[in-house]
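First comes the structure, then the notes that go with it.
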Amino acid sequence: MFTTRATAVALRGVRAAGGALLAQRMGMSTVRDAASGGKKRMPRLQKLKRIVYGTTIAGVAYTGWLMYRNRNPPEQLPFDPSKKTLVLLGTGWGSTTMLKNLDTENFNVVVVSPRNYFLFTPLLPSCTVGTIENRSIMEPVRFLMRHKNREVRFYEAECTGLDADSKELTLVRTANGEDHQSPAGADPKDTIKLKYDYLVVGVGGTVNTFGTPGVEEHACFLKEMGDARKIRRKLMDSIESATLADVSEEERDRLLHMVVVGGGPTGIEYAGELHDFLQDDLAHWYPKMANRVRITLVEALPNVLPAFDKKLIDYTQSTFLENKITILTRTMVKQVSEKSFVVQNPDGSRSEIPYGLLVWATGIKAQPVIGRIREQFADAQTNGRGLLVDEYLRVKGAKDIWALGDCALSGYAPLAQVASQQGKWLARRLNALSSTFKEDPNADIHGLIEEKSRPFKYSSQGSLAYIGSEKAIADLPFFNRNITAGGIATFWFWKSAYLNELFSLRNSTLVLSDWVKRFLFGRDISRE
């Protein structure tokens, strides 16, 4: 009894002490709240949520504004007869980048090209197997033109001649941007004469067959969107033909042999995309044929991807070996026929190899119009591979003419990023002379650019290539050294880099949706 009563007394004492301590803490909390103006602390998680919500709302609002702006271009200033006419030949990397960055208030700008769109060529191999739909990487040039301050005119035509003395271009209307016209074969009704004051030549290049017999007639190229469509049709034709019951085993093996000639980035990426198509789609829908499909890559040099680091070359070759892609190096194609091609082996002997599809991705040469421009300045233009330019991108021997990209022999490799940087550089140089144009429309632009600007200098942003099986390689500059990487993580970097490089929000959205569709539903195997 005594023990119980003592325990109860002790418990009451503990409770009293606890109550006093609680009251003391509450009092201290009240003092702190009073000192801070009565504001309560917000938990860190709640702060993070508000930041995320705010950022998301701002991002959605900005995206919506971009979409509205792209769909509703503003009113433009009309052509001004008092201003000089600047003609851009081509809608490739150089010309389109220049148009995008050029202040059109200083000139009357005219764009001439046989195609009315810009093509994002790094993703062209993905279109050959349906990973990306064709129009997702095509940006209509009029989308850019309508968002300029002053009206920009466009001629869907091909330049077939130049008169430097009278500053006049001869144009031929084209119904198909992938076909090229010759001056002799053009209908006089389709011929246009166009005057210019300043001319920027950015017509790119065309496929180089190196004079190999049969290539033009029987091989597929990978330079334009029409080439990607042709490859896709030919690929599905070969596979469907191989499924017919009356086809011999020898003929079936021929039809299912896919050959890529050229071990540069384009050839490597196409071989990688073709392998993915085989593994991810054909294996499900053509189970009896998929295991019989063979992929062979032919390269005349000692190894593929000669511009990449040795480690990346070895990694690519080992990945192709795992994917059962045959690589024939030091092997030259000597002749192509309808069903087979002849190669010269490393030992000098020759072999005939049957094929179902042959894709030629070996290099470029000058467009026909470049030869006609060179004829106007024969004394200074002594190289048949393109237009010789100086360090300010001026065509040697010419007045008021610049050249950009693959058609310009500037000492740099024919790369998309070279052409893009050249277009941006020239646009900025002309924009910087805006006040001069207003004061003196007849000012010597060539001399002013040389006086006030540094020569063009290419800054390499690195090289990327997709090699199949969701793997990519990267050779990136970092201060005075290069960083090399390859694998799945690099593949995701490759995707994000190309999404960022696409010309518009529209293109980025379409490409991203194509990747999602492929992941969810696979590639479309229907033949167009």
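Note on naming: chains are A, B, ... as they come in the structure tokens, residues start from 1 per chain, ligands start from 1 in the order shown.
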Within 10 Å of Arg153 (chain A), counting only C-alpha atoms, which residues qualify if same-chain residues fewer than 5 places away don't, as number ranges by chain? A: 79, 87, 108-112, 142, 145-146
For the selection you just gave me, I'd like the residues written to a file as a PDB file, in the first residue's frame, keeping C-alpha atoms.
```
ATOM      1  CA  PHE A  79      10.818  44.505-100.635  1.00  0.00           C
ATOM      2  CA  VAL A  87      20.626  35.753-103.234  1.00  0.00           C
ATOM      3  CA  ASN A 108      16.135  42.172-100.266  1.00  0.00           C
ATOM      4  CA  VAL A 109      16.776  38.450 -99.724  1.00  0.00           C
ATOM      5  CA  VAL A 110      15.951  35.784-102.307  1.00  0.00           C
ATOM      6  CA  VAL A 111      16.402  32.036-101.668  1.00  0.00           C
ATOM      7  CA  VAL A 112      16.848  29.688-104.632  1.00  0.00           C
ATOM      8  CA  ARG A 142       9.084  29.204 -95.621  1.00  0.00           C
ATOM      9  CA  MET A 145      11.275  33.093 -94.187  1.00  0.00           C
ATOM     10  CA  ARG A 146       7.954  34.189 -92.685  1.00  0.00           C
TER      11      ARG A 146
END
```
Residues at most 7 Å from Val342 (chain A), counting only C-alpha atoms, excluding those fewer than 5 positions away in the same chain, as JSON, numbers by chain? {"A": [333, 334, 335, 336, 350, 351, 352, 353]}
If DSSP is run on the backbone, what residues of region 384-505 of chain A are alpha helix (DSSP H)? A reply as a VMD selection string would be ideal. chain A and resid 416 to 432 434 to 439 445 to 452 488 to 501 505
So that I can see what lies close to Asn507 (chain A), please list as a compact mmCIF listing (two decimals) with N, CA and C atoms, in the first residue's frame the residues with an atom at most 10 Å from it, counting only C-alpha atoms and leaving out residues fewer than 5 positions away in the same chain.
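Below you can see around-v3.txt, which holds the result:
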```
# COMPACT_ATOMS: atom_id res chain seq x y z
N PHE A 120 17.60 17.69 -92.05
CA PHE A 120 18.54 17.41 -90.96
C PHE A 120 19.22 16.08 -91.25
N ARG A 135 9.17 13.27 -92.66
CA ARG A 135 8.89 14.70 -92.49
C ARG A 135 9.30 15.24 -91.13
N SER A 136 9.65 14.36 -90.22
CA SER A 136 10.07 14.82 -88.89
C SER A 136 11.39 15.57 -88.94
N ILE A 137 12.24 15.30 -89.95
CA ILE A 137 13.53 15.98 -90.04
C ILE A 137 13.57 16.94 -91.22
N MET A 138 12.40 17.29 -91.75
CA MET A 138 12.30 18.26 -92.84
C MET A 138 11.67 19.54 -92.29
N GLU A 139 12.37 20.65 -92.43
CA GLU A 139 11.86 21.95 -91.97
C GLU A 139 11.57 22.83 -93.18
N LEU A 499 18.49 16.18 -80.62
CA LEU A 499 17.25 16.88 -80.32
C LEU A 499 17.50 18.38 -80.16
N GLU A 501 19.97 20.05 -81.54
CA GLU A 501 20.48 20.63 -82.77
C GLU A 501 19.39 20.80 -83.84
N LEU A 502 18.26 20.12 -83.71
CA LEU A 502 17.20 20.25 -84.70
C LEU A 502 16.76 21.71 -84.82
N LEU A 512 11.05 13.32 -81.26
CA LEU A 512 10.85 12.70 -79.95
C LEU A 512 9.63 11.78 -79.95
N SER A 513 8.55 12.22 -80.58
CA SER A 513 7.35 11.38 -80.65
C SER A 513 7.60 10.13 -81.50
```
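The nearest approach to Ala474 (chain A) among the residues A:Leu77, A:Ala380, A:Leu312, A:Ala366, with only C-alpha atoms taken into account, belongs to A:Leu312.
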Shortest interatomic distance to Gly522 (chain A) - which of A:Thr63, A:Gln279, A:Ser508, A:Asn431, counting only C-alpha atoms: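 Smallest distance to Gly522 (chain A) is found for A:Gln279.
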I want to know what sits within 8 Å of Ala465 (chain A), based on only C-alpha atoms, with residues of the same chain fewer than 4 positions away left out; could you give that as a list in words?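 The filter keeps Pro265, Ile268, Glu269, Ala472, Ile473, Ala474 and Trp494 of chain A.
Reported to one decimal place, the separation of CA of Leu358 (chain A) from CA of Leu321 (chain A) is 20.0 Å.
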Can you list, as a PyMOL selection string, every protein, DNA or RNA residue that comes within 12 Å of Leu448 (chain A) when you count only C-alpha atoms, leaving out same-chain residues fewer than 4 positions away? chain A and resi 392+429-430+432-434+436-437+442-444+452-454
So that I can check the surroundings of region 236-249 of chain A, please list as an NGL selection string every protein, DNA and RNA residue that reaches within 8 Å of it, counting only C-alpha atoms and ignoring chain neighbours fewer than 2 positions away. :A and (232-234 or 251-253 or 255-256 or 289 or 356-357 or 525-527)
All residues 10 Å or closer to Thr96 (chain A), only C-alpha atoms, same chain fewer than 6 positions away omitted, as number ranges by chain: A: 88-90, 102, 111, 117-119, 141, 144-145, 202, 419-420, 423-424, 503
Please save C-alpha atoms of the selected residues as a compact mmCIF listing (two decimals), in the first residue's frame.
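Once everything was written out, this is result13.txt:
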```txt
# COMPACT_ATOMS: atom_id res chain seq x y z
CA LEU A 88 21.14 32.54 -101.27
CA LEU A 89 21.67 29.44 -103.42
CA GLY A 90 20.61 26.26 -101.63
CA LEU A 102 20.57 37.18 -91.03
CA VAL A 111 16.40 32.04 -101.67
CA TYR A 117 12.88 22.51 -97.10
CA PHE A 118 15.94 22.05 -94.92
CA LEU A 119 16.94 18.43 -94.27
CA VAL A 141 12.15 26.95 -95.55
CA LEU A 144 12.02 30.52 -91.48
CA MET A 145 11.27 33.09 -94.19
CA GLY A 202 25.64 27.00 -100.56
CA ALA A 419 28.77 24.74 -93.00
CA SER A 420 26.56 25.81 -90.09
CA GLY A 423 26.60 30.50 -92.34
CA LYS A 424 26.34 31.96 -88.84
CA PHE A 503 16.15 23.50 -86.35
```
Closest contacts (region 273-351 of chain A/region 122-129 of chain A, max 10 Å, only C-alpha atoms) as a Markdown table:
```
| residue | atom | partner | partner_atom | distance |
| --- | --- | --- | --- | --- |
| A:Glu273 | CA | A:Ser126 | CA | 6.3 |
| A:Leu274 | CA | A:Val129 | CA | 6.7 |
| A:His275 | CA | A:Val129 | CA | 9.8 |
| A:Asp276 | CA | A:Val129 | CA | 9.0 |
| A:Phe277 | CA | A:Val129 | CA | 6.5 |
| A:Leu278 | CA | A:Val129 | CA | 9.5 |
```
In Å to one decimal, how far is CA of Leu409 (chain A) from CA of Glu217 (chain A)?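 Result for CA of Glu217 (chain A) versus CA of Leu409 (chain A): 29.1 Å, one decimal.
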Atom pair CA of Leu305 (chain A) + CA of Trp492 (chain A), distance 20.5 Å
